[in-house]
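This is my_file_39.pdb. It holds PDB, C-alpha atoms.
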ATOM      1  CA  MET F1445       0.000   0.000   0.000
ATOM      2  CA  SER F1446       2.851   2.431   0.761
ATOM      3  CA  GLU F1447       4.122   2.087  -2.811
ATOM      4  CA  LEU F1448       0.734   3.199  -4.112
ATOM      5  CA  ILE F1449       0.621   6.135  -1.670
ATOM      6  CA  TYR F1450       3.964   7.384  -2.960
ATOM      7  CA  SER F1451       3.014   6.689  -6.580
ATOM      8  CA  ALA F1452      -0.252   8.626  -6.301
ATOM      9  CA  TRP F1453       1.581  11.571  -4.750
ATOM     10  CA  HIS F1454       4.272  11.548  -7.445
ATOM     11  CA  ARG F1455       1.648  11.694 -10.178
ATOM     12  CA  THR F1456       0.499  15.073  -8.829
ATOM     13  CA  LEU F1457       3.851  16.571  -9.898
ATOM     14  CA  GLY F1458       2.776  16.507 -13.522
ATOM     15  CA  TYR F1459       3.894  14.806 -16.685
ATOM     16  CA  SER F1460       7.293  16.481 -16.877
ATOM     17  CA  TYR F1461       8.517  14.505 -13.864
ATOM     18  CA  PHE F1462       8.472  10.855 -14.760
ATOM     19  CA  ALA F1463       9.388   8.086 -12.365
ATOM     20  CA  THR F1464       8.896   4.340 -12.265
ATOM     21  CA  ASP F1465      10.289   1.278 -10.598
ATOM     22  CA  VAL F1466      12.649  -1.339 -11.952
ATOM     23  CA  ASP F1467      11.101  -4.576 -10.774
ATOM     24  CA  PHE F1468      14.234  -6.648 -10.239
ATOM     25  CA  ILE F1469      17.954  -6.224 -10.735
ATOM     26  CA  GLU F1470      19.890  -9.472 -10.542
ATOM     27  CA  VAL F1471      23.111  -9.086  -8.549
ATOM     28  CA  ARG F1472      26.226 -11.257  -8.434
ATOM     29  CA  ASP F1473      29.369 -10.344  -6.503
ATOM     30  CA  ASN F1474      27.668  -7.045  -5.536
ATOM     31  CA  HIS F1475      27.291  -5.938  -9.175
ATOM     32  CA  PRO F1476      24.175  -5.858 -11.384
ATOM     33  CA  ILE F1477      24.055  -8.483 -14.146
ATOM     34  CA  ALA F1478      20.484  -8.211 -15.503
ATOM     35  CA  VAL F1479      17.315  -6.112 -15.432
ATOM     36  CA  ILE F1480      14.023  -8.007 -15.160
ATOM     37  CA  GLU F1481      10.512  -6.622 -15.535
ATOM     38  CA  ALA F1482       7.947  -9.104 -14.258
ATOM     39  CA  SER F1483       4.238  -9.324 -15.028
ATOM     40  CA  ILE F1484       1.403 -11.744 -14.399
ATOM     41  CA  CYS F1485      -1.674 -12.831 -16.326
ATOM     42  CA  THR F1486      -4.985 -11.383 -15.129
ATOM     43  CA  PRO F1487      -8.635 -11.810 -16.165
ATOM     44  CA  GLY F1488      -8.242  -8.758 -18.414
ATOM     45  CA  PHE F1489      -4.997 -10.048 -19.923
ATOM     46  CA  PRO F1490      -5.393 -13.838 -19.662
ATOM     47  CA  THR F1491      -2.303 -14.964 -21.582
ATOM     48  CA  CYS F1492       1.301 -13.878 -21.966
ATOM     49  CA  ASP F1493       1.314 -13.718 -25.766
ATOM     50  CA  GLY F1494      -1.125 -12.282 -28.280
ATOM     51  CA  SER F1495      -2.598  -8.836 -28.885
ATOM     52  CA  ASN F1496      -4.497  -9.052 -25.585
ATOM     53  CA  GLY F1497      -1.564 -10.594 -23.775
ATOM     54  CA  VAL F1498       0.601  -9.366 -20.941
ATOM     55  CA  LEU F1499       3.755  -8.859 -23.009
ATOM     56  CA  ASN F1500       1.885  -6.671 -25.501
ATOM     57  CA  ARG F1501       0.448  -4.667 -22.597
ATOM     58  CA  PHE F1502       3.916  -4.087 -21.162
ATOM     59  CA  LEU F1503       5.265  -2.850 -24.496
ATOM     60  CA  ARG F1504       2.458  -0.328 -24.964
ATOM     61  CA  GLU F1505       2.118   0.757 -21.326
ATOM     62  CA  THR F1506       2.284   4.527 -20.794
ATOM     63  CA  GLY F1507       3.263   5.072 -24.412
ATOM     64  CA  GLY F1508       6.220   2.705 -24.198
ATOM     65  CA  PHE F1509       7.694   4.405 -21.131
ATOM     66  CA  GLN F1510       8.217   1.128 -19.247
ATOM     67  CA  LEU F1511      10.013  -0.301 -22.262
ATOM     68  CA  GLU F1512      12.232   2.778 -22.523
ATOM     69  CA  VAL F1513      13.224   2.720 -18.867
ATOM     70  CA  ALA F1514      14.025  -0.993 -18.901
ATOM     71  CA  TRP F1515      16.081  -0.797 -22.111
ATOM     72  CA  TRP F1516      18.090   2.302 -21.223
ATOM     73  CA  THR F1517      18.644   1.328 -17.593
ATOM     74  CA  ALA F1518      20.096  -1.951 -18.841
ATOM     75  CA  LYS F1519      22.147  -0.053 -21.430
ATOM     76  CA  TRP F1520      23.684   2.200 -18.774
ATOM     77  CA  LEU F1521      24.378  -0.822 -16.577
ATOM     78  CA  ASN F1522      25.742  -2.794 -19.575
ATOM     79  CA  VAL F1523      23.535  -5.779 -18.748
ATOM     80  CA  PRO F1524      20.677  -7.558 -20.577
ATOM     81  CA  ALA F1525      17.017  -6.761 -19.930
ATOM     82  CA  PHE F1526      14.191  -9.289 -19.962
ATOM     83  CA  VAL F1527      10.408  -9.111 -19.596
ATOM     84  CA  ILE F1528       8.941 -12.060 -17.708
ATOM     85  CA  CYS F1529       5.319 -13.211 -17.730
ATOM     86  CA  ILE F1530       3.908 -15.898 -15.426
ATOM     87  CA  LYS F1531       0.559 -17.529 -14.608
ATOM     88  CA  ASP F1532      -0.209 -18.287 -18.253
ATOM     89  CA  PRO F1533      -2.717 -21.141 -18.743
ATOM     90  CA  ASP F1534       0.128 -23.170 -20.249
ATOM     91  CA  ASN F1535       1.891 -23.083 -16.832
ATOM     92  CA  LEU F1536       5.123 -21.927 -18.446
ATOM     93  CA  VAL F1537       7.299 -18.899 -17.753
ATOM     94  CA  HIS F1538       7.476 -16.665 -20.823
ATOM     95  CA  ILE F1539      10.633 -14.595 -21.329
ATOM     96  CA  LEU F1540      10.940 -11.794 -23.864
ATOM     97  CA  SER F1541      14.440 -10.487 -24.510
ATOM     98  CA  LEU F1542      14.907  -6.733 -24.857
ATOM     99  CA  VAL F1543      18.353  -7.512 -26.254
ATOM    100  CA  ASN F1544      17.437  -9.339 -29.466
ATOM    101  CA  GLY F1545      13.640  -9.676 -29.384
ATOM    102  CA  GLU F1546      13.710 -13.451 -28.995
ATOM    103  CA  GLN F1547      11.242 -15.346 -26.808
ATOM    104  CA  VAL F1548      11.391 -18.582 -24.863
ATOM    105  CA  SER F1549       8.738 -20.385 -22.833
ATOM    106  CA  ILE F1550      10.088 -22.682 -20.135
ATOM    107  CA  SER F1551       9.057 -24.527 -16.976
ATOM    108  CA  THR F1552       9.473 -22.929 -13.568
ATOM    109  CA  ALA F1553      12.286 -25.361 -12.812
ATOM    110  CA  ASP F1554      14.115 -24.340 -15.992
ATOM    111  CA  TYR F1555      13.504 -20.693 -15.152
ATOM    112  CA  LEU F1556      15.199 -21.089 -11.786
ATOM    113  CA  SER F1557      18.108 -22.753 -13.571
ATOM    114  CA  PHE F1558      18.204 -19.752 -15.907
ATOM    115  CA  ILE F1559      18.450 -17.470 -12.865
ATOM    116  CA  ASN F1560      21.031 -19.614 -11.094
ATOM    117  CA  GLU F1561      23.263 -19.849 -14.170
ATOM    118  CA  MET F1562      22.850 -16.224 -15.213
ATOM    119  CA  SER F1563      25.957 -14.632 -16.778
ATOM    120  CA  LYS F1564      27.657 -18.037 -17.066
ATOM    121  CA  GLU F1565      28.695 -19.544 -20.405
ATOM    122  CA  THR F1566      26.742 -22.698 -19.534
ATOM    123  CA  ASN F1567      23.429 -20.787 -19.613
ATOM    124  CA  THR F1568      22.033 -21.814 -22.996
ATOM    125  CA  ILE F1569      18.715 -20.008 -22.420
ATOM    126  CA  GLU F1570      20.477 -16.722 -21.727
ATOM    127  CA  ARG F1571      22.655 -17.237 -24.781
ATOM    128  CA  THR F1572      19.528 -17.610 -26.947
ATOM    129  CA  LEU F1573      18.116 -14.399 -25.474
ATOM    130  CA  THR F1574      21.288 -12.326 -25.823
ATOM    131  CA  ASN F1575      23.003 -13.521 -29.013
ATOM    132  CA  ASN F1576      23.150 -10.992 -31.844
ATOM    133  CA  PRO F1577      21.965  -7.927 -29.891
ATOM    134  CA  LEU F1578      19.932  -5.394 -31.849
ATOM    135  CA  GLU F1579      20.010  -1.640 -31.992
ATOM    136  CA  LEU F1580      16.933  -0.297 -30.253
ATOM    137  CA  TYR F1581      15.238   0.737 -33.506
ATOM    138  CA  ASP F1582      15.807  -2.738 -34.983
ATOM    139  CA  LEU F1583      14.429  -4.278 -31.798
ATOM    140  CA  LEU F1584      11.336  -2.083 -32.022
ATOM    141  CA  ASN F1585      10.771  -2.994 -35.655
ATOM    142  CA  LYS F1586      11.149  -6.690 -34.865
ATOM    143  CA  LEU F1587       8.798  -6.550 -31.895
ATOM    144  CA  SER F1588       6.163  -4.576 -33.813
ATOM    145  CA  ALA F1589       5.616  -7.552 -36.122
ATOM    146  CA  VAL F1590       4.482  -9.636 -33.141
ATOM    147  CA  PHE F1591       3.304  -7.104 -30.569
ATOM    148  CA  PRO F1592       1.248  -4.206 -32.001
ATOM    149  CA  GLY F1593       1.403  -2.412 -28.651
ATOM    150  CA  VAL F1594       5.015  -1.419 -29.230
ATOM    151  CA  GLY F1595       3.729   0.976 -31.887
ATOM    152  CA  LYS F1596       2.898   3.402 -29.059
ATOM    153  CA  TYR F1597       6.604   4.088 -28.581
ATOM    154  CA  PRO F1598       7.704   7.572 -29.843
ATOM    155  CA  TYR F1599      10.093   6.065 -32.399
ATOM    156  CA  PHE F1600       7.161   5.234 -34.656
ATOM    157  CA  ALA F1601       5.671   8.743 -34.469
ATOM    158  CA  ASN F1602       8.766  10.698 -35.549
ATOM    159  CA  LYS F1603      11.706   8.503 -36.483
ATOM    160  CA  ARG F1604      13.973  11.351 -37.623
ATOM    161  CA  VAL F1605      13.812  13.316 -34.369
ATOM    162  CA  TRP F1606      13.930  10.112 -32.331
ATOM    163  CA  MET F1607      17.079   8.938 -34.138
ATOM    164  CA  ASN F1608      18.879  12.191 -33.319
ATOM    165  CA  ASP F1609      18.045  11.761 -29.636
ATOM    166  CA  TYR F1610      19.005   8.093 -29.808
ATOM    167  CA  ARG F1611      22.485   8.880 -31.114
ATOM    168  CA  GLN F1612      22.945  11.517 -28.410
ATOM    169  CA  ARG F1613      21.971   9.082 -25.657
ATOM    170  CA  LEU F1614      24.267   6.385 -27.035
ATOM    171  CA  LYS F1615      27.203   8.815 -26.958
ATOM    172  CA  GLU F1616      26.414   9.686 -23.349
ATOM    173  CA  VAL F1617      26.434   6.013 -22.392
ATOM    174  CA  ALA F1618      29.613   5.240 -24.343
ATOM    175  CA  ASN F1619      31.488   8.258 -22.985
ATOM    176  CA  LYS F1620      30.068   8.007 -19.455
ATOM    177  CA  VAL F1621      28.663  11.540 -19.592
ATOM    178  CA  ALA F1622      26.979  12.470 -16.331
ATOM    179  CA  ARG F1623      23.684  14.316 -16.523
ATOM    180  CA  VAL F1624      23.608  18.021 -15.648
ATOM    181  CA  PRO F1625      20.595  18.855 -13.430
ATOM    182  CA  PRO F1626      18.513  21.945 -14.297
ATOM    183  CA  GLN F1627      19.751  25.328 -13.079
ATOM    184  CA  THR F1628      16.360  26.410 -11.780
ATOM    185  CA  VAL F1629      13.627  24.417 -10.069
ATOM    186  CA  ALA F1630      10.163  24.805 -11.537
ATOM    187  CA  THR F1631       7.120  25.089  -9.312
ATOM    188  CA  PRO F1632       5.249  21.773  -9.550
ATOM    189  CA  PRO F1633       1.957  22.240 -11.446
ATOM    190  CA  ASN F1634      -1.223  21.088  -9.738
ATOM    191  CA  TYR F1635      -2.366  18.230 -11.958
ATOM    192  CA  PRO F1636      -5.150  15.817 -11.051
ATOM    193  CA  ILE F1637      -3.923  12.400 -10.009
ATOM    194  CA  LYS F1638      -3.920   9.827 -12.783
ATOM    195  CA  GLY F1639      -5.299   6.520 -11.570
ATOM    196  CA  GLU F1640      -2.912   3.702 -10.710
ATOM    197  CA  THR F1641      -2.765   1.126 -13.502
ATOM    198  CA  THR F1642      -0.259  -1.467 -12.397
ATOM    199  CA  GLY F1643      -1.013  -2.207  -8.760
ATOM    200  CA  GLY F1644       1.779  -3.381  -6.503
ATOM    201  CA  ARG F1645       4.994  -5.139  -7.366
ATOM    202  CA  PRO F1646       4.359  -8.646  -8.794
ATOM    203  CA  ARG F1647       4.506 -10.691  -5.585
ATOM    204  CA  GLU F1648       3.750 -13.922  -7.427
ATOM    205  CA  TYR F1649       6.918 -13.506  -9.460
ATOM    206  CA  GLN F1650       8.866 -12.729  -6.292
ATOM    207  CA  ASN F1651       7.578 -15.950  -4.747
ATOM    208  CA  LEU F1652       8.801 -17.841  -7.804
ATOM    209  CA  ARG F1653      12.118 -16.001  -7.830
ATOM    210  CA  ASN F1654      12.713 -16.839  -4.182
ATOM    211  CA  GLY F1655      13.247 -20.433  -5.274
ATOM    212  CA  SER F1656      16.767 -19.246  -6.085
ATOM    213  CA  SER F1657      19.227 -18.133  -3.420
ATOM    214  CA  CYS F1658      21.017 -15.739  -5.787
ATOM    215  CA  ASP F1659      20.994 -12.032  -4.944
ATOM    216  CA  TYR F1660      18.555  -9.503  -6.383
ATOM    217  CA  PHE F1661      16.884  -6.265  -5.359
ATOM    218  CA  SER F1662      14.118  -3.947  -6.517
ATOM    219  CA  VAL F1663      14.586  -0.270  -7.315
ATOM    220  CA  GLU F1664      11.512   1.495  -5.995
ATOM    221  CA  TRP F1665      11.984   4.649  -8.059
ATOM    222  CA  VAL F1666      14.054   5.709 -11.021
ATOM    223  CA  GLU F1667      13.534   9.407 -11.665
ATOM    224  CA  TRP F1668      13.542   9.881 -15.447
ATOM    225  CA  ARG F1669      14.107  13.182 -17.226
ATOM    226  CA  LYS F1670      14.372  14.699 -20.691
ATOM    227  CA  ASP F1671      16.661  17.632 -21.444
ATOM    228  CA  ASN F1672      13.763  19.569 -22.976
ATOM    229  CA  PRO F1673      10.046  18.970 -23.669
ATOM    230  CA  GLY F1674      10.662  18.168 -27.344
ATOM    231  CA  GLN F1675      13.161  15.409 -26.674
ATOM    232  CA  LYS F1676      11.959  11.889 -27.423
ATOM    233  CA  ILE F1677      14.218   9.873 -25.101
ATOM    234  CA  GLY F1678      14.893  10.468 -21.424
ATOM    235  CA  ARG F1679      17.638   9.224 -19.135
ATOM    236  CA  PRO F1680      17.959   8.328 -15.437
ATOM    237  CA  ALA F1681      18.307  11.301 -13.094
ATOM    238  CA  ALA F1682      18.348   9.583  -9.683
ATOM    239  CA  ILE F1683      17.410   6.353  -7.937
ATOM    240  CA  LEU F1684      15.419   6.407  -4.699
ATOM    241  CA  LYS F1685      14.863   3.881  -1.945
ATOM    242  CA  THR F1686      11.614   4.961  -0.287
ATOM    243  CA  ILE F1687      10.754   3.680   3.191
ATOM    244  CA  PRO F1688       7.432   4.697   4.801
ATOM    245  CA  ILE F1689       6.691   5.072   8.491
ATOM    246  CA  ASP F1690       3.063   5.307   9.522
ATOM    247  CA  THR F1691       2.250   8.653  11.093
ATOM    248  CA  ILE F1692       1.328   6.950  14.394
ATOM    249  CA  LYS F1693       4.925   5.711  14.795
ATOM    250  CA  TYR F1694       6.739   8.566  13.063
ATOM    251  CA  SER F1695       9.467  10.412  14.990
ATOM    252  CA  GLU F1696      12.934  11.762  14.319
ATOM    253  CA  GLY F1697      14.470   8.855  16.212
ATOM    254  CA  GLU F1698      12.413   6.264  14.339
ATOM    255  CA  ALA F1699      13.337   7.797  10.977
ATOM    256  CA  ARG F1700      17.028   7.556  11.872
ATOM    257  CA  ASN F1701      16.635   3.976  13.099
ATOM    258  CA  VAL F1702      14.907   2.920   9.879
ATOM    259  CA  PHE F1703      17.627   4.467   7.748
ATOM    260  CA  GLU F1704      20.436   2.989   9.855
ATOM    261  CA  GLY F1705      18.823  -0.435   9.522
ATOM    262  CA  PHE F1706      18.760  -0.113   5.757
ATOM    263  CA  LYS F1707      22.338   1.187   5.676
ATOM    264  CA  GLN F1708      23.547  -1.943   7.451
ATOM    265  CA  SER F1709      21.876  -4.248   4.915
ATOM    266  CA  ARG F1710      23.683  -5.946   2.058
ATOM    267  CA  GLU F1711      21.244  -4.239  -0.291
ATOM    268  CA  PHE F1712      22.662  -0.799   0.535
ATOM    269  CA  ALA F1713      25.922  -1.650  -1.238
ATOM    270  CA  TRP F1714      24.031  -2.824  -4.327
ATOM    271  CA  TRP F1715      22.231   0.516  -4.565
ATOM    272  CA  LEU F1716      25.529   2.373  -4.280
ATOM    273  CA  VAL F1717      27.154   0.335  -7.050
ATOM    274  CA  THR F1718      24.109   0.666  -9.313
ATOM    275  CA  ALA F1719      23.938   4.450  -8.839
ATOM    276  CA  GLY F1720      27.648   4.709  -9.600
ATOM    277  CA  VAL F1721      27.285   2.864 -12.896
ATOM    278  CA  LEU F1722      24.167   4.850 -13.837
ATOM    279  CA  LEU F1723      26.022   8.084 -12.975
ATOM    280  CA  VAL F1724      23.125   9.301 -10.848
ATOM    281  CA  PRO F1725      22.705  10.174  -7.157
ATOM    282  CA  PHE F1726      21.187   7.629  -4.796
ATOM    283  CA  TYR F1727      18.778   8.836  -2.121
ATOM    284  CA  SER F1728      17.226   6.969   0.787
ATOM    285  CA  VAL F1729      13.894   8.603   1.599
ATOM    286  CA  VAL F1730      12.121   7.906   4.891
ATOM    287  CA  PHE F1731       8.693   9.503   4.728
ATOM    288  CA  GLU F1732       5.585   9.847   6.826
ATOM    289  CA  ALA F1733       2.636   7.845   5.500
ATOM    290  CA  ILE F1734      -0.936   8.389   6.639
ATOM    291  CA  SER F1735      -2.260   4.912   5.955
ATOM    292  CA  ALA F1736      -5.745   5.667   7.252
ATOM    293  CA  ARG F1737      -6.169   8.212   4.431
ATOM    294  CA  ASN F1738      -3.881   6.561   1.853
ATOM    295  CA  ASP F1739      -1.921   9.803   1.789
ATOM    296  CA  MET F1740       1.533  11.240   2.386
ATOM    297  CA  GLY F1741       2.344  13.156   5.539
ATOM    298  CA  ASP F1742       4.436  16.318   5.789
ATOM    299  CA  ARG F1743       7.753  14.888   6.984
ATOM    300  CA  PHE F1744      10.547  13.592   4.764
ATOM    301  CA  TRP F1745      14.111  12.635   5.669
ATOM    302  CA  VAL F1746      16.380  12.322   2.640
ATOM    303  CA  TRP F1747      19.858  10.822   2.875
ATOM    304  CA  GLU F1748      22.071  11.257  -0.186
ATOM    305  CA  ALA F1749      24.470   8.335  -0.135
ATOM    306  CA  ILE F1750      27.965   9.533  -1.016
ATOM    307  CA  ASN F1751      29.557   6.220  -0.091
ATOM    308  CA  LYS F1752      29.168   3.503   2.525
ATOM    309  CA  GLN F1753      30.466   5.775   5.293
ATOM    310  CA  ASN F1754      29.106   9.196   4.300
ATOM    311  CA  GLN F1755      25.531  10.348   3.754
ATOM    312  CA  ARG F1756      24.217  13.884   3.471
ATOM    313  CA  LEU F1757      20.942  14.388   5.352
ATOM    314  CA  THR F1758      18.207  16.882   4.472
ATOM    315  CA  GLN F1759      14.788  17.243   6.083
ATOM    316  CA  PHE F1760      11.876  18.387   3.921
ATOM    317  CA  THR F1761       8.257  19.300   4.245
ATOM    318  CA  ARG F1762       5.940  17.793   1.671
ATOM    319  CA  GLN F1763       6.032  20.973  -0.428
ATOM    320  CA  ASP F1764       9.812  21.281  -0.277
ATOM    321  CA  TYR F1765      10.240  17.594  -1.091
ATOM    322  CA  ALA F1766       8.139  18.127  -4.226
ATOM    323  CA  ARG F1767      10.497  20.942  -5.283
ATOM    324  CA  PHE F1768      13.465  18.696  -4.573
ATOM    325  CA  ILE F1769      12.112  15.936  -6.829
ATOM    326  CA  CYS F1770      11.289  18.419  -9.585
ATOM    327  CA  GLY F1771      14.837  19.777  -9.357
ATOM    328  CA  LEU F1772      16.478  16.431 -10.077
TER
END
Represent the structure of the file as structure tokens.
Amino acid sequence: MSELIYSAWHRTLGYSYFATDVDFIEVRDNHPIAVIEASICTPGFPTCDGSNGVLNRFLRETGGFQLEVAWWTAKWLNVPAFVICIKDPDNLVHILSLVNGEQVSISTADYLSFINEMSKETNTIERTLTNNPLELYDLLNKLSAVFPGVGKYPYFANKRVWMNDYRQRLKEVANKVARVPPQTVATPPNYPIKGETTGGRPREYQNLRNGSSCDYFSVEWVEWRKDNPGQKIGRPAAILKTIPIDTIKYSEGEARNVFEGFKQSREFAWWLVTAGVLLVPFYSVVFEAISARNDMGDRFWVWEAINKQNQRLTQFTRQDYARFICGL
């Protein structure tokens, strides 16, 4: 529920301030090795494949924004990205590669083997899904023949402008060019809240994934920005670990205790490494949640993680926190 509280609040900032989660980042030896977006069949989308399937829904969701974030986050991290669909009537796990557009459908046991052998030469499934990687535009063209939903992506609306932005972003990745935040912070516009469309994180996939003892973590929020309104492709601006405390329990001491607990976890190091590769700041945000009203409170503690030993702390009101997010 806390994820939805934060998501609903973030939507009030307006459409210039995009953010989404990255469902799962596979980690080995404290470094990311794959990005995984996980989905599940529902009564409205009863199968993984097909025009009314889950994979097609993912590719068209929010105008292709989820696809863009997954592909470019993986590009910055120099790892493959996969879209996973489970709970299909065929009882198989469906994997769509965002590297070469290939698909495989395998048993849950084989999927856990795929996870356990990830990044190893012995992983034949991963080799199928990563051989002969495609440029993003070639991937989009390939996917469009099978999944009409991908046609929502901006590439298909204005290929010339999109290609210019694409080349710019590729140069930034290749040359490790850090993003320059805006000089001035705009006042957040007062937009109505757009309804939540995705629900919570796919717990069913997490239950399946927990059959493996290999490391992984979820990035609650990737702040995503364009350099100007006309640009077709954004890039990561920050990653945020958000931790709610119900208003009944909220205090300065409790906020510090919650952060210190997270800082001592193994996951903290994974966030630091991931932020370093993405060339973005990493913030731990402990915020007041009013669960009884499904709303945010007025107290935010934000730790900017410089390294394992040093964090810069700032306290914000709700209004000031909104300005902070818009200034990323």
Original post:
Written as a VMD selection string, what is the full residue list that the PyMOL selection byres ((chain F and resi 1582-1593) around 12) yields on the file shown?
Top reply: chain F and resid 1492 to 1509 1511 to 1512 1515 1540 to 1547 1576 to 1581 1594 to 1600 1603 1607
Worksheet item: Interatomic distance between atom CA of Gln1759 of chain F and atom CA of Ala1452 of chain F?
Response: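 Pair atom CA of Gln1759 of chain F / atom CA of Ala1452 of chain F returns 21.3 Å.
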Considering only C-alpha atoms, return as a compact mmCIF listing (two decimals) with C-alpha atoms, keeping the file's coordinate frame whatever protein or nucleic-acid residues lie within 12 Å of Phe1712 of chain F, sequence-local ones (same chain, fewer than 5 positions apart) excluded.
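As written to disk, out04.txt reads:
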# COMPACT_ATOMS: atom_id res chain seq x y z
CA ASN F 1474 27.67 -7.04 -5.54
CA HIS F 1475 27.29 -5.94 -9.18
CA TYR F 1660 18.56 -9.50 -6.38
CA PHE F 1661 16.88 -6.26 -5.36
CA SER F 1662 14.12 -3.95 -6.52
CA VAL F 1663 14.59 -0.27 -7.32
CA LEU F 1684 15.42 6.41 -4.70
CA LYS F 1685 14.86 3.88 -1.94
CA PHE F 1703 17.63 4.47 7.75
CA GLU F 1704 20.44 2.99 9.86
CA GLY F 1705 18.82 -0.44 9.52
CA PHE F 1706 18.76 -0.11 5.76
CA LYS F 1707 22.34 1.19 5.68
CA VAL F 1717 27.15 0.34 -7.05
CA THR F 1718 24.11 0.67 -9.31
CA ALA F 1719 23.94 4.45 -8.84
CA PHE F 1726 21.19 7.63 -4.80
CA TYR F 1727 18.78 8.84 -2.12
CA SER F 1728 17.23 6.97 0.79
CA ALA F 1749 24.47 8.34 -0.14
CA ILE F 1750 27.96 9.53 -1.02
CA ASN F 1751 29.56 6.22 -0.09
CA LYS F 1752 29.17 3.50 2.52
CA GLN F 1753 30.47 5.78 5.29
CA GLN F 1755 25.53 10.35 3.75
Within 10 Å of segment 1613-1628 of chain F using only C-alpha atoms, minus same-chain residues under 2 positions, as number ranges by chain | F: 1516, 1519-1522, 1607-1611, 1630-1631, 1669, 1671, 1677-1682, 1721-1724, 1770-1772
Write the residues you've just listed into a file as a PDB file, keeping the file's coordinate frame, and include C-alpha atoms for each of them.
ATOM      1  CA  TRP F1516      18.090   2.302 -21.223  1.00  0.00           C
ATOM      2  CA  LYS F1519      22.147  -0.053 -21.430  1.00  0.00           C
ATOM      3  CA  TRP F1520      23.684   2.200 -18.774  1.00  0.00           C
ATOM      4  CA  LEU F1521      24.378  -0.822 -16.577  1.00  0.00           C
ATOM      5  CA  ASN F1522      25.742  -2.794 -19.575  1.00  0.00           C
ATOM      6  CA  MET F1607      17.079   8.938 -34.138  1.00  0.00           C
ATOM      7  CA  ASN F1608      18.879  12.191 -33.319  1.00  0.00           C
ATOM      8  CA  ASP F1609      18.045  11.761 -29.636  1.00  0.00           C
ATOM      9  CA  TYR F1610      19.005   8.093 -29.808  1.00  0.00           C
ATOM     10  CA  ARG F1611      22.485   8.880 -31.114  1.00  0.00           C
ATOM     11  CA  ALA F1630      10.163  24.805 -11.537  1.00  0.00           C
ATOM     12  CA  THR F1631       7.120  25.089  -9.312  1.00  0.00           C
ATOM     13  CA  ARG F1669      14.107  13.182 -17.226  1.00  0.00           C
ATOM     14  CA  ASP F1671      16.661  17.632 -21.444  1.00  0.00           C
ATOM     15  CA  ILE F1677      14.218   9.873 -25.101  1.00  0.00           C
ATOM     16  CA  GLY F1678      14.893  10.468 -21.424  1.00  0.00           C
ATOM     17  CA  ARG F1679      17.638   9.224 -19.135  1.00  0.00           C
ATOM     18  CA  PRO F1680      17.959   8.328 -15.437  1.00  0.00           C
ATOM     19  CA  ALA F1681      18.307  11.301 -13.094  1.00  0.00           C
ATOM     20  CA  ALA F1682      18.348   9.583  -9.683  1.00  0.00           C
ATOM     21  CA  VAL F1721      27.285   2.864 -12.896  1.00  0.00           C
ATOM     22  CA  LEU F1722      24.167   4.850 -13.837  1.00  0.00           C
ATOM     23  CA  LEU F1723      26.022   8.084 -12.975  1.00  0.00           C
ATOM     24  CA  VAL F1724      23.125   9.301 -10.848  1.00  0.00           C
ATOM     25  CA  CYS F1770      11.289  18.419  -9.585  1.00  0.00           C
ATOM     26  CA  GLY F1771      14.837  19.777  -9.357  1.00  0.00           C
ATOM     27  CA  LEU F1772      16.478  16.431 -10.077  1.00  0.00           C
TER      28      LEU F1772
END
- [ ] Take atom CA of Glu1481 of chain F and atom CA of Asp1467 of chain F and report the distance between them in Å, one decimal.
- [x]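 Between atom CA of Glu1481 of chain F and atom CA of Asp1467 of chain F the gap works out to 5.2 Å.
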**Request:** Do a neighbour search on Tyr1461 of chain F at 10 Å with all atoms listed in the file, toss out local chain neighbours closer than 2 positions, and write the hits as a ChimeraX atom specification.
**Result:** /F:1454-1459,1463,1632,1667-1670,1769-1772
